[in-house]
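Shown below: final27.pdb, with PDB, C-alpha atoms.
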```
ATOM      1  CA  MET Z 535     -57.743  21.109 -34.411
ATOM      2  CA  ALA Z 536     -55.155  19.079 -36.329
ATOM      3  CA  ILE Z 537     -52.419  20.554 -34.138
ATOM      4  CA  MET Z 538     -54.351  19.642 -30.980
ATOM      5  CA  ARG Z 539     -54.836  16.073 -32.226
ATOM      6  CA  ARG Z 540     -51.131  15.846 -33.008
ATOM      7  CA  ILE Z 541     -50.244  17.120 -29.520
ATOM      8  CA  GLY Z 542     -52.712  14.662 -28.019
ATOM      9  CA  LYS Z 543     -51.097  11.780 -29.874
ATOM     10  CA  ILE Z 544     -47.644  12.856 -28.687
ATOM     11  CA  VAL Z 545     -48.845  13.059 -25.088
ATOM     12  CA  LEU Z 546     -50.499   9.632 -25.423
ATOM     13  CA  VAL Z 547     -47.298   8.118 -26.818
ATOM     14  CA  ILE Z 548     -45.306   9.605 -23.939
ATOM     15  CA  LEU Z 549     -47.770   8.276 -21.374
ATOM     16  CA  LEU Z 550     -47.827   4.824 -22.958
ATOM     17  CA  SER Z 551     -44.031   4.804 -23.083
ATOM     18  CA  LEU Z 552     -43.898   5.754 -19.407
ATOM     19  CA  VAL Z 553     -46.354   3.003 -18.494
ATOM     20  CA  PHE Z 554     -44.359   0.481 -20.542
ATOM     21  CA  PHE Z 555     -41.107   1.608 -18.846
ATOM     22  CA  LEU Z 556     -42.651   1.242 -15.384
ATOM     23  CA  LEU Z 557     -43.946  -2.212 -16.282
ATOM     24  CA  LEU Z 558     -40.396  -3.202 -17.215
ATOM     25  CA  LEU Z 559     -39.213  -1.998 -13.801
ATOM     26  CA  PHE Z 560     -42.052  -3.629 -11.878
ATOM     27  CA  LYS Z 561     -40.729  -5.985  -9.210
ATOM     28  CA  SER Z 562     -42.955  -8.030  -6.934
ATOM     29  CA  ASP Z 563     -42.052  -8.573  -3.300
ATOM     30  CA  ILE Z 564     -40.085 -11.771  -2.718
ATOM     31  CA  PRO Z 565     -41.390 -13.996   0.099
ATOM     32  CA  GLN Z 566     -38.854 -14.699   2.813
ATOM     33  CA  GLU Z 567     -39.038 -18.426   2.087
ATOM     34  CA  GLU Z 568     -37.610 -17.895  -1.409
ATOM     35  CA  LEU Z 569     -34.630 -16.009  -0.006
ATOM     36  CA  LEU Z 570     -33.762 -18.311   2.893
ATOM     37  CA  SER Z 571     -31.837 -20.893   0.892
ATOM     38  CA  LYS Z 572     -29.770 -18.206  -0.818
ATOM     39  CA  TYR Z 573     -29.072 -15.772   2.023
ATOM     40  CA  SER Z 574     -29.266 -17.691   5.288
ATOM     41  CA  TYR Z 575     -26.276 -19.457   6.833
ATOM     42  CA  PRO Z 576     -25.731 -22.672   8.765
ATOM     43  CA  GLU Z 577     -25.144 -20.314  11.731
ATOM     44  CA  SER Z 578     -28.406 -18.409  11.139
ATOM     45  CA  HIS Z 579     -30.946 -18.203  13.924
ATOM     46  CA  PHE Z 580     -34.405 -16.638  13.870
ATOM     47  CA  ILE Z 581     -35.127 -15.168  17.288
ATOM     48  CA  GLU Z 582     -38.419 -13.571  18.281
ATOM     49  CA  ILE Z 583     -37.995 -10.211  20.012
ATOM     50  CA  ASP Z 584     -41.077  -8.197  20.962
ATOM     51  CA  GLY Z 585     -43.164  -9.508  18.075
ATOM     52  CA  VAL Z 586     -40.424  -9.360  15.418
ATOM     53  CA  THR Z 587     -38.417 -12.414  14.314
ATOM     54  CA  LEU Z 588     -34.833 -11.216  13.925
ATOM     55  CA  HIS Z 589     -32.392 -12.959  11.609
ATOM     56  CA  VAL Z 590     -29.246 -13.376  13.704
ATOM     57  CA  ARG Z 591     -25.926 -15.016  12.828
ATOM     58  CA  LEU Z 592     -23.675 -16.284  15.615
ATOM     59  CA  VAL Z 593     -20.133 -17.353  14.707
ATOM     60  CA  GLY Z 594     -17.187 -18.191  16.966
ATOM     61  CA  SER Z 595     -16.709 -18.277  20.713
ATOM     62  CA  GLY Z 596     -15.347 -16.004  23.409
ATOM     63  CA  GLU Z 597     -16.353 -12.508  24.441
ATOM     64  CA  PRO Z 598     -19.362 -11.326  22.424
ATOM     65  CA  VAL Z 599     -19.094  -8.689  19.689
ATOM     66  CA  ILE Z 600     -22.364  -7.344  18.266
ATOM     67  CA  LEU Z 601     -22.155  -6.021  14.675
ATOM     68  CA  LEU Z 602     -24.769  -3.567  13.332
ATOM     69  CA  HIS Z 603     -25.186  -2.826   9.618
ATOM     70  CA  GLY Z 604     -26.255   0.395   7.889
ATOM     71  CA  SER Z 605     -29.234   1.555   5.801
ATOM     72  CA  PHE Z 606     -30.292  -0.701   2.879
ATOM     73  CA  SER Z 607     -27.804  -3.295   4.108
ATOM     74  CA  SER Z 608     -27.953  -6.560   6.060
ATOM     75  CA  LEU Z 609     -25.852  -8.733   8.344
ATOM     76  CA  HIS Z 610     -24.083 -10.092   5.226
ATOM     77  CA  THR Z 611     -21.960  -6.935   5.204
ATOM     78  CA  TRP Z 612     -19.982  -8.523   8.098
ATOM     79  CA  ASP Z 613     -19.191 -11.843   6.369
ATOM     80  CA  GLU Z 614     -15.430 -11.396   6.238
ATOM     81  CA  TRP Z 615     -15.230  -9.786   9.669
ATOM     82  CA  GLN Z 616     -17.080 -12.676  11.279
ATOM     83  CA  ARG Z 617     -14.814 -15.188   9.591
ATOM     84  CA  GLU Z 618     -11.655 -13.398  10.767
ATOM     85  CA  MET Z 619     -12.905 -12.621  14.285
ATOM     86  CA  SER Z 620     -14.525 -15.958  15.100
ATOM     87  CA  PRO Z 621     -11.311 -17.623  16.382
ATOM     88  CA  TYR Z 622     -11.160 -15.003  19.145
ATOM     89  CA  PHE Z 623     -14.724 -13.775  19.747
ATOM     90  CA  LEU Z 624     -18.356 -14.767  19.602
ATOM     91  CA  THR Z 625     -19.525 -12.561  16.738
ATOM     92  CA  ILE Z 626     -23.214 -11.669  16.557
ATOM     93  CA  SER Z 627     -24.619  -9.952  13.472
ATOM     94  CA  VAL Z 628     -28.291  -9.109  13.083
ATOM     95  CA  ASP Z 629     -30.679  -7.950  10.359
ATOM     96  CA  LEU Z 630     -32.368  -4.928  11.913
ATOM     97  CA  PRO Z 631     -36.161  -4.660  11.402
ATOM     98  CA  GLY Z 632     -36.986  -3.543   7.872
ATOM     99  CA  HIS Z 633     -33.759  -5.078   6.537
ATOM    100  CA  GLY Z 634     -32.492  -8.382   5.242
ATOM    101  CA  LEU Z 635     -34.314 -11.582   6.153
ATOM    102  CA  THR Z 636     -35.822 -10.036   9.283
ATOM    103  CA  GLY Z 637     -38.325  -8.013   7.297
ATOM    104  CA  PRO Z 638     -40.783  -5.387   8.530
ATOM    105  CA  ASP Z 639     -42.067  -4.609  12.004
ATOM    106  CA  PRO Z 640     -45.890  -4.396  12.107
ATOM    107  CA  LEU Z 641     -45.553  -1.639  14.736
ATOM    108  CA  GLN Z 642     -43.120   0.384  12.564
ATOM    109  CA  ARG Z 643     -40.414   0.578  15.239
ATOM    110  CA  TYR Z 644     -37.609   1.887  13.040
ATOM    111  CA  THR Z 645     -36.067   4.779  14.970
ATOM    112  CA  ILE Z 646     -32.529   4.618  16.314
ATOM    113  CA  GLY Z 647     -33.949   4.271  19.816
ATOM    114  CA  ASP Z 648     -36.224   1.438  18.671
ATOM    115  CA  TYR Z 649     -33.317  -0.402  17.086
ATOM    116  CA  SER Z 650     -31.201   0.032  20.210
ATOM    117  CA  GLN Z 651     -33.940  -1.577  22.287
ATOM    118  CA  PHE Z 652     -34.180  -4.521  19.897
ATOM    119  CA  VAL Z 653     -30.427  -5.089  20.230
ATOM    120  CA  LEU Z 654     -30.528  -4.836  24.021
ATOM    121  CA  ARG Z 655     -33.449  -7.254  24.198
ATOM    122  CA  LEU Z 656     -31.580  -9.622  21.892
ATOM    123  CA  SER Z 657     -28.555  -9.553  24.205
ATOM    124  CA  GLU Z 658     -30.834 -10.402  27.123
ATOM    125  CA  LYS Z 659     -32.378 -13.300  25.236
ATOM    126  CA  LEU Z 660     -28.898 -14.619  24.432
ATOM    127  CA  ASN Z 661     -27.938 -14.251  28.123
ATOM    128  CA  ILE Z 662     -25.187 -11.786  27.253
ATOM    129  CA  ASN Z 663     -24.568  -9.245  29.994
ATOM    130  CA  LYS Z 664     -21.683  -7.296  28.431
ATOM    131  CA  PHE Z 665     -20.476  -7.042  24.867
ATOM    132  CA  HIS Z 666     -18.265  -5.186  22.412
ATOM    133  CA  LEU Z 667     -20.248  -3.170  19.889
ATOM    134  CA  ALA Z 668     -19.481  -2.122  16.305
ATOM    135  CA  GLY Z 669     -21.773  -0.282  13.897
ATOM    136  CA  ASN Z 670     -21.575   1.082  10.374
ATOM    137  CA  SER Z 671     -23.557   4.087   9.092
ATOM    138  CA  ILE Z 672     -26.969   4.106  10.796
ATOM    139  CA  GLY Z 673     -25.803   1.030  12.710
ATOM    140  CA  GLY Z 674     -23.115   3.270  14.189
ATOM    141  CA  ALA Z 675     -25.802   5.673  15.412
ATOM    142  CA  VAL Z 676     -27.627   2.718  16.984
ATOM    143  CA  ALA Z 677     -24.403   1.571  18.646
ATOM    144  CA  LEU Z 678     -23.931   5.079  20.047
ATOM    145  CA  LYS Z 679     -27.482   5.074  21.405
ATOM    146  CA  ILE Z 680     -26.874   1.746  23.165
ATOM    147  CA  ALA Z 681     -23.576   3.002  24.606
ATOM    148  CA  ASP Z 682     -25.327   6.157  25.820
ATOM    149  CA  THR Z 683     -28.364   4.455  27.378
ATOM    150  CA  ARG Z 684     -26.611   1.357  28.762
ATOM    151  CA  PRO Z 685     -22.887   2.142  29.091
ATOM    152  CA  ASP Z 686     -22.660  -0.541  31.776
ATOM    153  CA  LYS Z 687     -23.190  -3.193  29.089
ATOM    154  CA  VAL Z 688     -20.771  -1.934  26.427
ATOM    155  CA  LEU Z 689     -17.161  -3.099  26.789
ATOM    156  CA  SER Z 690     -15.946  -1.104  23.791
ATOM    157  CA  LEU Z 691     -17.413   0.833  20.876
ATOM    158  CA  ASN Z 692     -16.393   0.874  17.205
ATOM    159  CA  LEU Z 693     -17.886   3.581  14.967
ATOM    160  CA  ILE Z 694     -17.383   2.751  11.283
ATOM    161  CA  ASP Z 695     -18.346   5.645   8.981
ATOM    162  CA  ALA Z 696     -21.129   6.163  11.489
ATOM    163  CA  ALA Z 697     -24.168   8.416  11.296
ATOM    164  CA  GLY Z 698     -25.015  10.709  14.205
ATOM    165  CA  SER Z 699     -21.958  12.932  14.510
ATOM    166  CA  PRO Z 700     -22.478  16.038  16.685
ATOM    167  CA  GLN Z 701     -22.670  18.552  13.869
ATOM    168  CA  ILE Z 702     -23.968  22.039  14.540
ATOM    169  CA  GLN Z 703     -26.083  22.064  11.378
ATOM    170  CA  PRO Z 704     -29.328  20.055  11.500
ATOM    171  CA  ARG Z 705     -29.180  16.592   9.959
ATOM    172  CA  GLN Z 706     -31.443  15.867   7.017
ATOM    173  CA  LEU Z 707     -31.044  12.141   6.373
ATOM    174  CA  ASP Z 708     -30.085   9.205   8.555
ATOM    175  CA  SER Z 709     -27.067   8.262   6.454
ATOM    176  CA  ASP Z 710     -26.351  11.664   4.941
ATOM    177  CA  SER Z 711     -23.686  14.055   6.091
ATOM    178  CA  THR Z 712     -24.382  17.575   7.325
ATOM    179  CA  SER Z 713     -22.007  19.158   4.880
ATOM    180  CA  THR Z 714     -23.091  21.169   1.869
ATOM    181  CA  LYS Z 715     -22.651  18.155  -0.407
ATOM    182  CA  SER Z 716     -25.757  16.949  -2.185
ATOM    183  CA  SER Z 717     -27.429  13.919  -0.665
ATOM    184  CA  PRO Z 718     -27.313  10.497  -2.364
ATOM    185  CA  LEU Z 719     -29.869  10.064  -5.123
ATOM    186  CA  ILE Z 720     -31.686   7.203  -3.420
ATOM    187  CA  PHE Z 721     -32.378   9.361  -0.357
ATOM    188  CA  ASP Z 722     -33.823  12.130  -2.528
ATOM    189  CA  LEU Z 723     -36.102   9.638  -4.284
ATOM    190  CA  ILE Z 724     -37.313   8.129  -1.008
ATOM    191  CA  LYS Z 725     -38.072  11.593   0.364
ATOM    192  CA  ASN Z 726     -40.033  12.541  -2.767
ATOM    193  CA  PRO Z 727     -43.751  11.752  -2.215
ATOM    194  CA  VAL Z 728     -44.276  10.742  -5.879
ATOM    195  CA  PHE Z 729     -41.122   8.730  -6.585
ATOM    196  CA  SER Z 730     -41.292   6.985  -3.213
ATOM    197  CA  LYS Z 731     -44.647   5.461  -4.162
ATOM    198  CA  VAL Z 732     -43.265   4.356  -7.522
ATOM    199  CA  LEU Z 733     -40.271   2.722  -5.838
ATOM    200  CA  LEU Z 734     -42.615   0.530  -3.805
ATOM    201  CA  LYS Z 735     -43.359  -1.512  -6.917
ATOM    202  CA  CYS Z 736     -40.943  -0.329  -9.591
ATOM    203  CA  THR Z 737     -37.455  -0.634  -8.152
ATOM    204  CA  PRO Z 738     -34.719  -0.297 -10.783
ATOM    205  CA  LYS Z 739     -31.681  -2.497 -10.230
ATOM    206  CA  PHE Z 740     -29.395   0.043 -11.879
ATOM    207  CA  LEU Z 741     -30.201   2.412  -8.993
ATOM    208  CA  PHE Z 742     -28.824  -0.134  -6.530
ATOM    209  CA  THR Z 743     -25.747  -0.617  -8.692
ATOM    210  CA  LYS Z 744     -25.153   3.135  -8.641
ATOM    211  CA  ASN Z 745     -25.624   3.325  -4.867
ATOM    212  CA  ILE Z 746     -23.188   0.513  -4.154
ATOM    213  CA  GLN Z 747     -20.639   2.078  -6.469
ATOM    214  CA  GLU Z 748     -21.070   5.296  -4.466
ATOM    215  CA  VAL Z 749     -20.377   3.630  -1.111
ATOM    216  CA  TYR Z 750     -17.181   2.004  -2.376
ATOM    217  CA  GLY Z 751     -14.070   4.133  -2.774
ATOM    218  CA  ASP Z 752     -13.092   1.974  -5.739
ATOM    219  CA  PRO Z 753     -16.177   1.070  -7.827
ATOM    220  CA  GLU Z 754     -14.149  -1.660  -9.552
ATOM    221  CA  LYS Z 755     -14.360  -3.665  -6.308
ATOM    222  CA  VAL Z 756     -18.145  -3.944  -6.560
ATOM    223  CA  HIS Z 757     -19.077  -7.506  -7.526
ATOM    224  CA  GLU Z 758     -22.282  -8.451  -9.299
ATOM    225  CA  LYS Z 759     -23.223 -10.866  -6.513
ATOM    226  CA  THR Z 760     -22.997  -7.977  -4.024
ATOM    227  CA  VAL Z 761     -25.459  -5.928  -6.076
ATOM    228  CA  ASP Z 762     -27.734  -8.976  -6.385
ATOM    229  CA  ARG Z 763     -27.714  -9.459  -2.618
ATOM    230  CA  TYR Z 764     -28.583  -5.855  -1.797
ATOM    231  CA  PHE Z 765     -31.297  -5.837  -4.454
ATOM    232  CA  ASP Z 766     -32.875  -9.174  -3.549
ATOM    233  CA  LEU Z 767     -33.020  -8.390   0.162
ATOM    234  CA  MET Z 768     -34.597  -5.000  -0.495
ATOM    235  CA  LEU Z 769     -37.318  -6.886  -2.395
ATOM    236  CA  ARG Z 770     -37.908  -9.141   0.631
ATOM    237  CA  GLU Z 771     -41.600  -8.914   1.371
ATOM    238  CA  GLY Z 772     -42.309  -5.703   3.290
ATOM    239  CA  ASN Z 773     -38.801  -4.206   3.242
ATOM    240  CA  ARG Z 774     -39.537  -1.489   0.678
ATOM    241  CA  GLN Z 775     -42.571  -0.277   2.612
ATOM    242  CA  ALA Z 776     -40.540  -0.410   5.828
ATOM    243  CA  THR Z 777     -37.853   1.745   4.223
ATOM    244  CA  LEU Z 778     -40.371   4.482   3.385
ATOM    245  CA  GLU Z 779     -41.820   4.308   6.890
ATOM    246  CA  ARG Z 780     -38.338   4.447   8.441
ATOM    247  CA  PHE Z 781     -37.341   7.573   6.540
ATOM    248  CA  ALA Z 782     -40.547   9.307   7.650
ATOM    249  CA  LEU Z 783     -39.606   8.938  11.329
ATOM    250  CA  PRO Z 784     -37.602  11.518  13.355
ATOM    251  CA  ARG Z 785     -33.869  10.966  13.895
ATOM    252  CA  ASP Z 786     -33.258  10.500  17.606
ATOM    253  CA  TYR Z 787     -29.467  10.780  17.603
ATOM    254  CA  VAL Z 788     -27.365  10.971  20.755
ATOM    255  CA  LYS Z 789     -27.011  14.631  21.735
ATOM    256  CA  GLU Z 790     -24.682  14.356  24.735
ATOM    257  CA  PHE Z 791     -21.549  12.219  24.674
ATOM    258  CA  SER Z 792     -20.520  12.406  28.327
ATOM    259  CA  ARG Z 793     -21.609   8.802  28.932
ATOM    260  CA  ILE Z 794     -19.390   7.449  26.137
ATOM    261  CA  THR Z 795     -16.508   6.594  28.466
ATOM    262  CA  MET Z 796     -15.709   3.063  27.273
ATOM    263  CA  PRO Z 797     -12.761   2.537  24.857
ATOM    264  CA  VAL Z 798     -13.765   3.842  21.403
ATOM    265  CA  LEU Z 799     -12.373   3.145  17.944
ATOM    266  CA  ILE Z 800     -13.375   5.314  14.976
ATOM    267  CA  GLN Z 801     -12.784   3.794  11.527
ATOM    268  CA  TRP Z 802     -13.407   5.818   8.385
ATOM    269  CA  GLY Z 803     -12.854   5.667   4.642
ATOM    270  CA  ASP Z 804     -11.405   8.930   3.387
ATOM    271  CA  GLN Z 805     -13.405   8.594   0.135
ATOM    272  CA  ASP Z 806     -16.783   8.227   1.863
ATOM    273  CA  GLN Z 807     -19.309  10.090  -0.298
ATOM    274  CA  TRP Z 808     -22.257   9.495   2.043
ATOM    275  CA  ILE Z 809     -20.783  10.538   5.390
ATOM    276  CA  PRO Z 810     -17.524  12.415   4.733
ATOM    277  CA  ILE Z 811     -14.469  12.173   6.926
ATOM    278  CA  SER Z 812     -15.211  15.551   8.521
ATOM    279  CA  ASN Z 813     -17.809  13.677  10.589
ATOM    280  CA  ALA Z 814     -15.077  11.435  11.966
ATOM    281  CA  MET Z 815     -13.267  14.546  13.166
ATOM    282  CA  GLU Z 816     -16.449  15.720  14.882
ATOM    283  CA  PHE Z 817     -16.681  12.414  16.733
ATOM    284  CA  LYS Z 818     -13.040  12.768  17.744
ATOM    285  CA  LYS Z 819     -13.744  16.206  19.232
ATOM    286  CA  VAL Z 820     -16.473  14.946  21.554
ATOM    287  CA  ILE Z 821     -14.736  11.613  22.289
ATOM    288  CA  PRO Z 822     -11.151  12.873  22.607
ATOM    289  CA  ASP Z 823      -9.750   9.582  23.902
ATOM    290  CA  ALA Z 824     -11.065   7.688  20.881
ATOM    291  CA  HIS Z 825      -8.576   6.072  18.525
ATOM    292  CA  LEU Z 826      -9.110   7.212  14.918
ATOM    293  CA  VAL Z 827      -8.067   5.077  11.935
ATOM    294  CA  VAL Z 828      -8.493   6.463   8.406
ATOM    295  CA  PHE Z 829      -8.349   4.159   5.380
ATOM    296  CA  GLU Z 830      -6.967   5.806   2.257
ATOM    297  CA  GLY Z 831      -9.015   5.149  -0.855
ATOM    298  CA  ALA Z 832     -11.869   3.411   0.969
ATOM    299  CA  GLY Z 833     -15.500   4.490   0.959
ATOM    300  CA  HIS Z 834     -18.509   4.173   3.240
ATOM    301  CA  VAL Z 835     -18.318   0.405   3.959
ATOM    302  CA  PRO Z 836     -14.668  -0.487   4.654
ATOM    303  CA  MET Z 837     -15.685  -3.809   6.260
ATOM    304  CA  GLU Z 838     -16.902  -4.851   2.779
ATOM    305  CA  GLU Z 839     -14.466  -3.013   0.541
ATOM    306  CA  ILE Z 840     -11.267  -3.667   2.516
ATOM    307  CA  PRO Z 841     -12.270  -6.356   5.034
ATOM    308  CA  THR Z 842      -8.750  -7.585   5.796
ATOM    309  CA  GLU Z 843      -7.299  -4.160   6.588
ATOM    310  CA  SER Z 844     -10.326  -2.941   8.531
ATOM    311  CA  VAL Z 845     -10.824  -6.065  10.658
ATOM    312  CA  ALA Z 846      -7.081  -6.194  11.421
ATOM    313  CA  GLU Z 847      -7.316  -2.710  12.931
ATOM    314  CA  TYR Z 848     -10.369  -3.709  14.949
ATOM    315  CA  LEU Z 849      -8.757  -6.897  16.243
ATOM    316  CA  SER Z 850      -5.690  -4.914  17.232
ATOM    317  CA  PHE Z 851      -7.924  -2.461  19.102
ATOM    318  CA  LEU Z 852      -9.521  -5.392  20.939
ATOM    319  CA  GLY Z 853      -6.124  -6.725  21.953
ATOM    320  CA  VAL Z 854      -5.520  -9.416  19.352
ATOM    321  CA  GLU Z 855      -2.040  -9.037  17.914
ATOM    322  CA  ILE Z 856      -1.904  -9.597  14.183
ATOM    323  CA  ARG Z 857       0.851 -12.164  13.701
ATOM    324  CA  LYS Z 858       3.366 -11.790  10.911
ATOM    325  CA  ASP Z 859       4.631 -15.281  11.757
ATOM    326  CA  TYR Z 860       1.859 -17.865  12.014
ATOM    327  CA  LEU Z 861       4.059 -20.007  14.309
ATOM    328  CA  GLN Z 862       3.940 -17.220  16.877
ATOM    329  CA  GLN Z 863       1.208 -17.409  19.504
ATOM    330  CA  PRO Z 864      -1.196 -14.438  19.450
ATOM    331  CA  LYS Z 865      -1.380 -12.095  22.390
ATOM    332  CA  PHE Z 866      -4.979 -11.778  23.501
ATOM    333  CA  VAL Z 867      -6.081  -9.041  25.898
ATOM    334  CA  THR Z 868      -9.484  -7.346  25.811
ATOM    335  CA  TYR Z 869     -11.318  -4.627  27.666
ATOM    336  CA  ALA Z 870     -13.401  -7.077  29.692
ATOM    337  CA  ASP Z 871     -13.630  -6.543  33.435
TER     338      ASP Z 871
END
```

Could you quickly redo this structure as structure tokens?
Amino acid sequence: MAIMRRIGKIVLVILLSLVFFLLLLFKSDIPQEELLSKYSYPESHFIEIDGVTLHVRLVGSGEPVILLHGSFSSLHTWDEWQREMSPYFLTISVDLPGHGLTGPDPLQRYTIGDYSQFVLRLSEKLNINKFHLAGNSIGGAVALKIADTRPDKVLSLNLIDAAGSPQIQPRQLDSDSTSTKSSPLIFDLIKNPVFSKVLLKCTPKFLFTKNIQEVYGDPEKVHEKTVDRYFDLMLREGNRQATLERFALPRDYVKEFSRITMPVLIQWGDQDQWIPISNAMEFKKVIPDAHLVVFEGAGHVPMEEIPTESVAEYLSFLGVEIRKDYLQQPKFVTYAD
């Protein structure tokens, strides 16, 4: 009996320690109002589309370029790109439903097809008939879906470490590769029925730090304010629940690529741990006329990690010559009709 009591005490101590640990990790949802002053911009707009108020940032003037972020991210991932592109283009970034300041969709419309419809409806509301399109990670899969369903609207397509490559093996996660590499830890936790429920209320910041270090080729480039931004916006009221709902939905990737006939740029970091460079080669096989640019040492989000190099390649693709001499006038030719 003494042994049983001793075992019982040990079990009780373990359980109490676990409860105490979870209480330390407990994070309440943050109302959108508390995040607006910190993460909105003077150029921010909140536009109602089919019952969801999208956070949209419009910067610059000229032909429109729509920029789509990846999983767990937000329109802030395009900060440097919008600054560099705004002298030449109207840049439009958007927090997709379940992300950033947009927050959740009551109807749980989080598939790639759903997102593509939100973007198309947004373009209609902004009176934009044709646009250039760039997407990173799952945003790349959404960009592909738009280019496949409405190729008449897409002037050019930029796939940046994009999900949805035409691999023979079945895909398992929206931002995971189809190689034999293990999936990122955060995806495994979200897929686990026990840990996913815990993450709804107990979201450890160190997990976000680890994830961001994984998506950068050089972890030393990860700034504390970047981790804070990702973490705070995940805690935006409803975003954690939306993330679980999104991962439970089927992945409706583009299966046929015959309609992708517009000019295509593929940009990839050769150190991408989430979607390895082999996926870029798969895209190149099915879009043979695409222009492929590989960044040595960069990871999954080159527009954040190496914004100057990556946006320079994109501007060049769009016809903006990068001037070595600032007294020289830029040459500006795009794919517009």

Using the file's own x, y and z axes, what box holds all listed atoms of range 768-779 of chain Z with 3 Å on each side, keeping edges along x, y and z, and what are its centre and edge lengths in Å to one decimal, as lines of an AutoDock Vina configuration file?
```
center_x = -38.6
center_y = -2.3
center_z = 2.2
size_x = 14.0
size_y = 19.6
size_z = 15.3
```

Calculate how many Å separate CA of Ser574 in chain Z from CA of Ser671 in chain Z, rounding to one decimal.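 Interatomic distance, CA of Ser574 in chain Z to CA of Ser671 in chain Z: 22.8 Å.
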
Let me know the residues the PyMOL selection byres ((chain Z and resi 626) around 12) catches in the file above, as JSON, numbers by chain. {"Z": [577, 578, 579, 588, 589, 590, 591, 592, 593, 594, 595, 596, 597, 598, 599, 600, 601, 602, 603, 609, 610, 612, 613, 615, 616, 617, 619, 620, 623, 624, 625, 627, 628, 629, 653, 656, 657, 660, 662, 665, 666, 667, 668, 669]}

What does the structure give for the distance between CA of Pro638 in chain Z and CA of Gln807 in chain Z, in Å to one decimal?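 Computing it gives 27.9 Å between the two atoms.
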
Nearby residues (all atoms listed in the file) at most 12 Å from range 641-646 of chain Z, same-chain spacing under 5 positions excluded, as a ChimeraX atom specification: /Z:584-586,602,604-605,630-633,651-653,671-680,683,697-698,708-709,772-773,775-788

Let me see the file: selected residues, C-alpha atoms, as a PDB file, in the coordinates of the input.
```
ATOM      1  CA  ASP Z 584     -41.077  -8.197  20.962  1.00  0.00           C
ATOM      2  CA  GLY Z 585     -43.164  -9.508  18.075  1.00  0.00           C
ATOM      3  CA  VAL Z 586     -40.424  -9.360  15.418  1.00  0.00           C
ATOM      4  CA  LEU Z 602     -24.769  -3.567  13.332  1.00  0.00           C
ATOM      5  CA  GLY Z 604     -26.255   0.395   7.889  1.00  0.00           C
ATOM      6  CA  SER Z 605     -29.234   1.555   5.801  1.00  0.00           C
ATOM      7  CA  LEU Z 630     -32.368  -4.928  11.913  1.00  0.00           C
ATOM      8  CA  PRO Z 631     -36.161  -4.660  11.402  1.00  0.00           C
ATOM      9  CA  GLY Z 632     -36.986  -3.543   7.872  1.00  0.00           C
ATOM     10  CA  HIS Z 633     -33.759  -5.078   6.537  1.00  0.00           C
ATOM     11  CA  GLN Z 651     -33.940  -1.577  22.287  1.00  0.00           C
ATOM     12  CA  PHE Z 652     -34.180  -4.521  19.897  1.00  0.00           C
ATOM     13  CA  VAL Z 653     -30.427  -5.089  20.230  1.00  0.00           C
ATOM     14  CA  SER Z 671     -23.557   4.087   9.092  1.00  0.00           C
ATOM     15  CA  ILE Z 672     -26.969   4.106  10.796  1.00  0.00           C
ATOM     16  CA  GLY Z 673     -25.803   1.030  12.710  1.00  0.00           C
ATOM     17  CA  GLY Z 674     -23.115   3.270  14.189  1.00  0.00           C
ATOM     18  CA  ALA Z 675     -25.802   5.673  15.412  1.00  0.00           C
ATOM     19  CA  VAL Z 676     -27.627   2.718  16.984  1.00  0.00           C
ATOM     20  CA  ALA Z 677     -24.403   1.571  18.646  1.00  0.00           C
ATOM     21  CA  LEU Z 678     -23.931   5.079  20.047  1.00  0.00           C
ATOM     22  CA  LYS Z 679     -27.482   5.074  21.405  1.00  0.00           C
ATOM     23  CA  ILE Z 680     -26.874   1.746  23.165  1.00  0.00           C
ATOM     24  CA  THR Z 683     -28.364   4.455  27.378  1.00  0.00           C
ATOM     25  CA  ALA Z 697     -24.168   8.416  11.296  1.00  0.00           C
ATOM     26  CA  GLY Z 698     -25.015  10.709  14.205  1.00  0.00           C
ATOM     27  CA  ASP Z 708     -30.085   9.205   8.555  1.00  0.00           C
ATOM     28  CA  SER Z 709     -27.067   8.262   6.454  1.00  0.00           C
ATOM     29  CA  GLY Z 772     -42.309  -5.703   3.290  1.00  0.00           C
ATOM     30  CA  ASN Z 773     -38.801  -4.206   3.242  1.00  0.00           C
ATOM     31  CA  GLN Z 775     -42.571  -0.277   2.612  1.00  0.00           C
ATOM     32  CA  ALA Z 776     -40.540  -0.410   5.828  1.00  0.00           C
ATOM     33  CA  THR Z 777     -37.853   1.745   4.223  1.00  0.00           C
ATOM     34  CA  LEU Z 778     -40.371   4.482   3.385  1.00  0.00           C
ATOM     35  CA  GLU Z 779     -41.820   4.308   6.890  1.00  0.00           C
ATOM     36  CA  ARG Z 780     -38.338   4.447   8.441  1.00  0.00           C
ATOM     37  CA  PHE Z 781     -37.341   7.573   6.540  1.00  0.00           C
ATOM     38  CA  ALA Z 782     -40.547   9.307   7.650  1.00  0.00           C
ATOM     39  CA  LEU Z 783     -39.606   8.938  11.329  1.00  0.00           C
ATOM     40  CA  PRO Z 784     -37.602  11.518  13.355  1.00  0.00           C
ATOM     41  CA  ARG Z 785     -33.869  10.966  13.895  1.00  0.00           C
ATOM     42  CA  ASP Z 786     -33.258  10.500  17.606  1.00  0.00           C
ATOM     43  CA  TYR Z 787     -29.467  10.780  17.603  1.00  0.00           C
ATOM     44  CA  VAL Z 788     -27.365  10.971  20.755  1.00  0.00           C
TER      45      VAL Z 788
END
```

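Minimum atom-to-atom distance to Phe817 in chain Z, evaluated using only C-alpha atoms, belongs to Z:Asp695 out of Z:Glu839, Z:Asp804, Z:Asp695, Z:Glu847.
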